[in-house]
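Content type compact mmCIF, C-alpha atoms, from the file final-v4.txt:
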# COMPACT_ATOMS: atom_id res chain seq x y z
CA MET A 1 126.26 91.83 99.03
CA VAL A 2 123.41 92.37 96.55
CA ILE A 3 124.57 89.35 94.54
CA ILE A 4 124.79 87.26 97.72
CA ALA A 5 121.28 88.38 98.74
CA LEU A 6 119.85 87.62 95.29
CA ALA A 7 121.54 84.21 95.14
CA ALA A 8 120.31 83.37 98.65
CA LEU A 9 116.74 84.36 97.76
CA ILE A 10 116.63 82.42 94.48
CA GLY A 11 118.37 79.43 96.10
CA GLY A 12 115.93 79.54 99.01
CA VAL A 13 112.82 79.67 96.80
CA ALA A 14 114.17 76.82 94.64
CA THR A 15 114.96 74.77 97.75
CA GLY A 16 111.49 75.46 99.17
CA LEU A 17 109.82 74.43 95.90
CA LEU A 18 111.87 71.25 95.43
CA MET A 19 112.62 70.03 98.95
CA ASP A 20 110.66 69.50 102.13
CA ASN A 21 112.83 67.59 104.59
CA SER A 22 114.43 67.88 108.01
CA PHE A 23 117.11 70.28 106.65
CA THR A 24 114.56 72.82 105.40
CA SER A 25 112.45 72.40 108.57
CA LEU A 26 115.52 72.99 110.73
CA LEU A 27 116.39 76.18 108.81
CA THR A 28 112.86 77.63 108.80
CA SER A 29 112.25 76.81 112.47
CA GLY A 30 115.64 78.31 113.35
CA ALA A 31 115.06 81.58 111.45
CA ASP A 32 114.41 83.47 114.69
CA PHE A 33 117.74 82.35 116.12
CA ILE A 34 119.56 83.47 112.95
CA LEU A 35 117.86 86.87 113.33
CA TYR A 36 118.88 87.03 117.00
CA ALA A 37 122.50 86.25 116.11
CA LEU A 38 122.39 88.90 113.38
CA MET A 39 121.00 91.53 115.75
CA PHE A 40 123.68 90.67 118.31
CA PHE A 41 126.46 91.16 115.73
CA VAL A 42 124.85 94.39 114.49
CA GLY A 43 124.69 95.54 118.13
CA ILE A 44 128.44 94.91 118.46
CA SER A 45 129.09 97.05 115.37
CA VAL A 46 126.97 99.85 116.83
CA GLY A 47 128.70 99.53 120.22
CA LEU A 48 132.15 99.79 118.60
CA HIS A 49 131.21 103.28 117.38
CA HIS A 50 131.93 105.47 120.44
CA GLY A 51 130.06 108.76 120.88
CA LEU A 52 127.19 107.57 118.72
CA LEU A 53 124.40 108.31 121.22
CA ASP A 54 125.60 111.90 121.56
CA ASN A 55 125.37 112.27 117.78
CA ILE A 56 121.81 110.89 117.82
CA ARG A 57 120.71 113.15 120.70
CA LYS A 58 121.38 116.29 118.65
CA TYR A 59 118.38 115.50 116.44
CA HIS A 60 115.78 115.71 119.30
CA ILE A 61 112.26 115.59 117.88
CA LYS A 62 113.61 115.75 114.30
CA ILE A 63 114.30 112.03 114.56
CA LEU A 64 110.55 111.52 114.00
CA VAL A 65 110.85 113.08 110.54
CA ILE A 66 111.82 109.75 108.97
CA PRO A 67 108.94 107.55 110.27
CA ILE A 68 106.45 110.36 109.56
CA GLY A 69 107.83 110.72 106.01
CA ILE A 70 107.62 106.95 105.47
CA ILE A 71 104.04 106.71 106.73
CA VAL A 72 102.76 109.76 104.82
CA GLY A 73 104.63 108.74 101.63
CA SER A 74 103.37 105.15 101.80
CA VAL A 75 99.73 106.10 102.38
CA ALA A 76 99.92 108.75 99.61
CA GLY A 77 101.49 106.13 97.31
CA GLY A 78 98.71 103.70 98.24
CA ALA A 79 96.09 106.33 97.34
CA LEU A 80 97.83 106.89 93.98
CA CYS A 81 97.70 103.12 93.34
CA ALA A 82 93.91 103.22 93.73
CA PHE A 83 93.71 105.26 90.50
CA LEU A 84 96.09 102.95 88.63
CA THR A 85 94.72 99.58 89.76
CA GLY A 86 91.02 100.32 90.25
CA ILE A 87 91.18 99.05 93.85
CA PRO A 88 89.18 101.31 96.24
CA VAL A 89 91.29 103.88 98.14
CA TYR A 90 90.53 102.39 101.56
CA GLN A 91 91.85 99.01 100.40
CA SER A 92 94.94 100.24 98.54
CA THR A 93 95.99 102.55 101.40
CA ALA A 94 95.43 99.75 103.94
CA ILE A 95 97.67 97.43 101.88
CA ALA A 96 100.37 100.12 101.53
CA SER A 97 100.17 100.71 105.31
CA GLY A 98 101.91 97.36 105.83
CA LEU A 99 105.23 99.23 105.36
CA GLY A 100 106.94 95.97 104.36
CA TRP A 101 105.67 93.84 107.27
CA TYR A 102 104.26 91.15 105.00
CA SER A 103 103.31 88.47 107.54
CA LEU A 104 101.16 90.71 109.72
CA THR A 105 99.68 92.68 106.80
CA GLY A 106 98.81 89.53 104.82
CA ILE A 107 96.87 88.07 107.75
CA THR A 108 95.21 91.36 108.79
CA ILE A 109 94.06 92.24 105.25
CA THR A 110 92.78 88.67 104.72
CA ASN A 111 90.68 89.01 107.87
CA LEU A 112 89.39 92.45 106.89
CA MET A 113 88.96 92.17 103.11
CA GLY A 114 89.25 88.52 102.09
CA ALA A 115 91.89 86.12 100.75
CA HIS A 116 92.35 87.80 97.33
CA LEU A 117 93.40 91.18 98.77
CA GLY A 118 95.23 89.39 101.59
CA SER A 119 97.43 87.66 99.01
CA ILE A 120 98.07 90.99 97.23
CA ALA A 121 98.97 92.56 100.60
CA PHE A 122 101.33 89.69 101.40
CA LEU A 123 103.06 89.83 98.01
CA SER A 124 103.34 93.62 97.79
CA ASN A 125 104.81 93.93 101.29
CA LEU A 126 107.16 91.03 100.63
CA MET A 127 108.29 92.76 97.41
CA ARG A 128 108.89 95.92 99.45
CA GLU A 129 111.23 94.07 101.80
CA ILE A 130 113.11 92.40 98.92
CA PHE A 131 113.22 95.70 97.00
CA SER A 132 114.84 97.34 100.05
CA PHE A 133 117.68 94.82 100.04
CA PHE A 134 118.57 95.66 96.46
CA THR A 135 117.98 99.43 96.44
CA ILE A 136 119.74 100.42 99.68
CA PRO A 137 123.19 100.42 97.95
CA TRP A 138 121.87 102.64 95.12
CA ILE A 139 120.00 105.03 97.43
CA SER A 140 123.04 105.41 99.72
CA ARG A 141 125.13 106.48 96.72
CA HIS A 142 122.65 108.74 94.91
CA LEU A 143 120.33 110.20 97.59
CA ASN A 144 121.38 110.19 101.27
CA PHE A 145 121.84 107.63 104.04
CA TYR A 146 118.56 108.54 105.78
CA SER A 147 116.60 107.82 102.59
CA CYS A 148 117.81 104.18 102.72
CA ILE A 149 115.49 103.69 105.70
CA ALA A 150 112.38 104.68 103.69
CA PRO A 151 111.85 101.62 101.45
CA ALA A 152 112.66 99.32 104.40
CA GLY A 153 109.80 100.83 106.45
CA ALA A 154 108.88 98.54 109.36
CA THR A 155 111.66 96.08 108.49
CA SER A 156 114.38 98.67 109.13
CA GLU A 157 114.82 97.38 112.70
CA ASP A 158 115.61 93.78 111.74
CA THR A 159 115.92 92.07 108.35
CA THR A 160 117.15 95.02 106.28
CA LEU A 161 119.45 96.31 109.03
CA PRO A 162 122.58 94.48 107.78
CA MET A 163 122.29 96.33 104.45
CA MET A 164 122.10 99.59 106.40
CA ILE A 165 125.23 98.83 108.36
CA ARG A 166 127.07 97.85 105.18
CA TYR A 167 126.05 100.81 103.02
CA THR A 168 125.38 103.64 105.50
CA ASN A 169 126.96 104.43 108.90
CA GLU A 170 126.41 103.52 112.57
CA GLU A 171 124.38 106.67 113.21
CA THR A 172 121.92 105.78 110.43
CA VAL A 173 121.73 102.22 111.80
CA VAL A 174 120.58 103.46 115.21
CA ILE A 175 118.04 105.82 113.60
CA SER A 176 116.96 102.86 111.45
CA VAL A 177 116.24 100.71 114.54
CA PHE A 178 114.30 103.57 116.13
CA ASN A 179 112.32 104.02 112.88
CA GLY A 180 111.56 100.28 112.69
CA VAL A 181 110.11 100.28 116.21
CA ILE A 182 107.87 103.29 115.43
CA CYS A 183 106.75 101.91 112.04
CA SER A 184 106.08 98.40 113.41
CA ALA A 185 103.93 99.85 116.18
CA ALA A 186 102.12 102.03 113.64
CA VAL A 187 101.27 99.26 111.11
CA PRO A 188 98.20 97.71 112.84
CA VAL A 189 96.85 101.17 113.72
CA LEU A 190 97.44 102.49 110.19
CA ILE A 191 95.71 99.54 108.50
CA ALA A 192 92.64 99.95 110.73
CA PHE A 193 92.70 103.74 110.24
CA CYS A 194 92.88 103.55 106.41
CA TYR A 195 90.24 100.81 106.30
CA HIS A 196 87.71 102.86 108.30
CA PHE A 197 88.67 106.46 107.44
CA PHE A 198 88.86 106.22 103.62
CA GLN A 199 85.80 103.97 103.24
CA MET B 1 111.08 93.31 122.10
CA ASP B 2 113.50 90.39 122.57
CA ILE B 3 115.29 91.48 119.38
CA LEU B 4 115.96 94.89 120.90
CA ILE B 5 117.23 93.35 124.16
CA ILE B 6 119.63 91.11 122.20
CA MET B 7 120.82 94.05 120.12
CA LEU B 8 121.32 96.11 123.29
CA ALA B 9 123.43 93.28 124.75
CA GLY B 10 125.53 93.41 121.56
CA VAL B 11 125.88 97.20 121.88
CA VAL B 12 127.13 96.88 125.49
CA ILE B 13 129.59 94.11 124.60
CA GLY B 14 130.76 96.02 121.51
CA ASN B 15 131.23 99.17 123.58
CA ARG B 16 132.95 97.62 126.63
CA LEU B 17 134.50 94.25 125.79
CA PHE B 18 134.77 93.52 122.08
CA PRO B 19 138.31 93.88 120.63
CA ARG B 20 138.37 96.31 117.68
CA LYS B 21 140.73 94.01 115.73
CA TYR B 22 137.81 91.56 115.25
CA ARG B 23 135.62 94.21 113.65
CA LYS B 24 136.00 92.68 110.15
CA SER B 25 135.20 89.18 111.43
CA ASN B 26 132.04 90.56 113.03
CA GLU B 27 131.04 92.13 109.69
CA ARG B 28 131.64 88.79 107.92
CA LEU B 29 129.39 87.04 110.44
CA GLN B 30 126.68 89.61 109.68
CA VAL B 31 126.92 88.82 105.95
CA ILE B 32 126.64 85.07 106.65
CA CYS B 33 123.62 85.58 108.93
CA THR B 34 121.95 87.88 106.38
CA ALA B 35 122.45 85.37 103.55
CA LEU B 36 121.09 82.56 105.77
CA LEU B 37 118.11 84.69 106.76
CA ILE B 38 117.25 85.52 103.12
CA PHE B 39 117.76 81.87 102.16
CA THR B 40 115.35 80.83 104.93
CA MET B 41 112.84 83.45 103.78
CA GLY B 42 113.13 81.99 100.27
CA ILE B 43 112.45 78.46 101.58
CA THR B 44 109.35 79.69 103.44
CA LEU B 45 108.11 81.37 100.25
CA GLY B 46 108.84 78.34 98.07
CA GLN B 47 106.95 76.11 100.50
CA ARG B 48 103.94 78.45 100.59
CA GLU B 49 100.98 76.77 98.92
CA ASN B 50 100.22 78.25 95.45
CA PHE B 51 103.11 80.74 95.74
CA VAL B 52 104.04 80.60 92.04
CA GLU B 53 100.39 80.80 90.94
CA GLU B 54 99.76 83.77 93.25
CA LEU B 55 102.89 85.51 91.98
CA LEU B 56 101.81 85.07 88.36
CA SER B 57 98.18 86.12 88.78
CA LEU B 58 98.53 88.91 91.37
CA GLY B 59 102.12 89.91 90.61
CA PHE B 60 101.52 93.12 88.64
CA THR B 61 98.96 94.62 91.06
CA SER B 62 101.20 93.66 94.00
CA PHE B 63 104.19 95.17 92.18
CA LEU B 64 102.41 98.53 91.76
CA LEU B 65 101.21 98.45 95.37
CA PHE B 66 104.75 98.06 96.65
CA LEU B 67 106.64 100.21 94.12
CA ILE B 68 104.63 103.44 94.28
CA PRO B 69 104.36 103.64 98.12
CA ALA B 70 108.06 102.71 98.50
CA VAL B 71 109.17 105.32 95.93
CA CYS B 72 106.86 108.03 97.34
CA SER B 73 108.13 107.47 100.89
CA THR B 74 111.78 107.46 99.72
CA ILE B 75 111.36 110.76 97.85
CA LEU B 76 109.51 112.35 100.78
CA VAL B 77 112.11 111.20 103.33
CA PHE B 78 114.92 112.42 101.05
CA PHE B 79 113.53 115.97 100.87
CA LEU B 80 112.47 116.07 104.55
CA THR B 81 115.89 114.95 105.80
CA LYS B 82 117.70 117.24 103.38
CA TRP B 83 115.61 120.13 104.65
CA LEU B 84 115.38 119.32 108.37
CA MET B 85 118.42 117.26 109.32
CA ASN B 86 121.74 119.08 109.36
CA ASP B 87 124.02 116.73 107.49
CA LYS B 88 123.27 117.18 103.78
CA LYS B 89 124.46 113.76 102.67
CA GLY B 90 123.91 111.96 105.99
CA ARG B 91 127.45 110.69 105.77
CA ASN B 92 130.46 110.59 108.06
Is it possible to give me this structure as structure tokens?
Amino acid sequence: MVIIALAALIGGVATGLLMDNSFTSLLTSGADFILYALMFFVGISVGLHHGLLDNIRKYHIKILVIPIGIIVGSVAGGALCAFLTGIPVYQSTAIASGLGWYSLTGITITNLMGAHLGSIAFLSNLMREIFSFFTIPWISRHLNFYSCIAPAGATSEDTTLPMMIRYTNEETVVISVFNGVICSAAVPVLIAFCYHFFQ
Amino acid sequence: MDILIIMLAGVVIGNRLFPRKYRKSNERLQVICTALLIFTMGITLGQRENFVEELLSLGFTSFLLFLIPAVCSTILVFFLTKWLMNDKKGRN
């Protein structure tokens, strides 16, 4: 799967650089429908696993541990980056608060801090999403299934979900969707919070 | 929101109607959709104006700003789930 993902990414970038025709337009404009189809098939996989909701219910409030860990870890990592890159803490934490949601973060940071930091925010959050694709198999083997959700951050409810279902289990997939919803809702609030609070 | 509704429809169909013998075919369809989705993402990136220049000039700073937060959150989630969630490996 990792090889397929890598080949698809490289092939896609090469196609985007070299071609701009009706085929590429059709694919890019139809990306939402591909995602819908994917979510439908993932839903079927989850539905085939009977008794799953009962397993999830046993966690109660503990289910919030994962999104809280992701948010705290990402903001702390962003603060650490300030010392390594020389970017002010309020900017580095705001960029790290994107949690992998590169489109929204790129635009929001551009509006708040200018095009230069907006491009860094776009690239770093894009790298986070791509990094998730390739590290989920390793994390599932060497750490635990729940930890696979952490690098995915806000993308754990959609684009990185197929990797979850392939390398973890149905229970983790449902927790992953729940985490993605929480993280996605938190991203705009977190960016604004870091931008104002750490300034 | 529409993504969640579609996924929920899949869950209901998978739970009530979908024959278990087609489970593997469903997984194959997921792989195809994932590859198509990543390919499409690649096209969007390749078509982005100045993408290669941006990657070369801002690549290292962007790399640090994704790597350290991603690693910190993974380590934190690992220890929190190991400590607070019952299943030690999170596996079936």
Among listed residues A:Leu123, A:Val181, A:Ile61, A:Leu104, nearest chain B (using all atoms listed in the file):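 Nearest candidate to chain B out of A:Leu123, A:Val181, A:Ile61, A:Leu104: A:Leu123.
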Atom CA of Phe134 of chain A to atom CA of Ala70 of chain B: how many Å, to one decimal?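 Taking atom CA of Phe134 of chain A as the start and atom CA of Ala70 of chain B as the end point, the length is 12.8 Å.
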Go ahead and compute the interatomic distance for atom CA of Thr105 of chain A and atom CA of Leu117 of chain A, in Å to one decimal. 10.3 Å
From the list A:Glu129, A:Ser140, A:Gly114, A:Val72, the nearest residue to Glu157 of chain A using all atoms listed in the file is A:Glu129
Between atom CA of Ile130 of chain A and atom CA of Ala96 of chain A, distance in Å (one decimal):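 Rounded to one decimal, the two atoms are 15.1 Å apart.
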Find the residues in chain A near chain B: any atom within 6 Å counts, using only C-alpha atoms. Write them as a count of residues only. 33
Of the listed residues A:Val177, A:Val75, A:Ser92, A:Pro188, that which approaches Ile107 of chain A most closely, counting only C-alpha atoms: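 Answer, going by the shortest atom-to-atom distance: A:Pro188.
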Provide an axis-aligned box for all listed atoms of segment 105-122 of chain A, padding each side by 8 Å; report its centre and its edge lengths in Å to one decimal, as AutoDock Vina command-line options.
--center_x 95.1 --center_y 89.4 --center_z 103.0 --size_x 28.4 --size_y 22.6 --size_z 27.6
From A:His116, A:Asp54, A:Ile10, A:Cys194, residue lying nearest Ala76 of chain A [only C-alpha atoms]: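 Distance minimum relative to Ala76 of chain A lands on A:Cys194.
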Would you mind telling me which residue in A:Tyr167, A:Trp101, A:Phe197, A:Tyr146 lies nearest to Ile63 of chain A when using all atoms listed in the file?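 Result for the nearest residue to Ile63 of chain A: A:Tyr146.
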Give me segment 45-56 of chain B with N, CA and C atoms filled in, as a tab-separated table (two decimals), in the coordinates of the input.
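New file rebuild-v9.tsv:
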chain	number	residue	atom	x	y	z
B	45	LEU	N	108.93	80.95	101.40
B	45	LEU	CA	108.11	81.37	100.25
B	45	LEU	C	107.88	80.20	99.30
B	46	GLY	N	108.94	79.46	99.00
B	46	GLY	CA	108.84	78.34	98.07
B	46	GLY	C	107.90	77.27	98.58
B	47	GLN	N	107.83	77.13	99.91
B	47	GLN	CA	106.95	76.11	100.50
B	47	GLN	C	105.51	76.59	100.66
B	48	ARG	N	105.30	77.90	100.46
B	48	ARG	CA	103.94	78.45	100.59
B	48	ARG	C	103.07	77.87	99.49
B	49	GLU	N	101.90	77.40	99.89
B	49	GLU	CA	100.98	76.77	98.92
B	49	GLU	C	100.59	77.80	97.85
B	50	ASN	N	100.62	77.41	96.60
B	50	ASN	CA	100.22	78.25	95.45
B	50	ASN	C	101.06	79.53	95.30
B	51	PHE	N	102.30	79.52	95.81
B	51	PHE	CA	103.11	80.74	95.74
B	51	PHE	C	103.35	81.19	94.30
B	52	VAL	N	103.73	80.26	93.44
B	52	VAL	CA	104.04	80.60	92.04
B	52	VAL	C	102.77	81.09	91.33
B	53	GLU	N	101.65	80.40	91.57
B	53	GLU	CA	100.39	80.80	90.94
B	53	GLU	C	99.98	82.21	91.40
B	54	GLU	N	100.10	82.45	92.70
B	54	GLU	CA	99.76	83.77	93.25
B	54	GLU	C	100.64	84.85	92.63
B	55	LEU	N	101.93	84.54	92.52
B	55	LEU	CA	102.89	85.51	91.98
B	55	LEU	C	102.54	85.85	90.53
B	56	LEU	N	102.13	84.84	89.76
B	56	LEU	CA	101.81	85.07	88.36
B	56	LEU	C	100.50	85.83	88.18
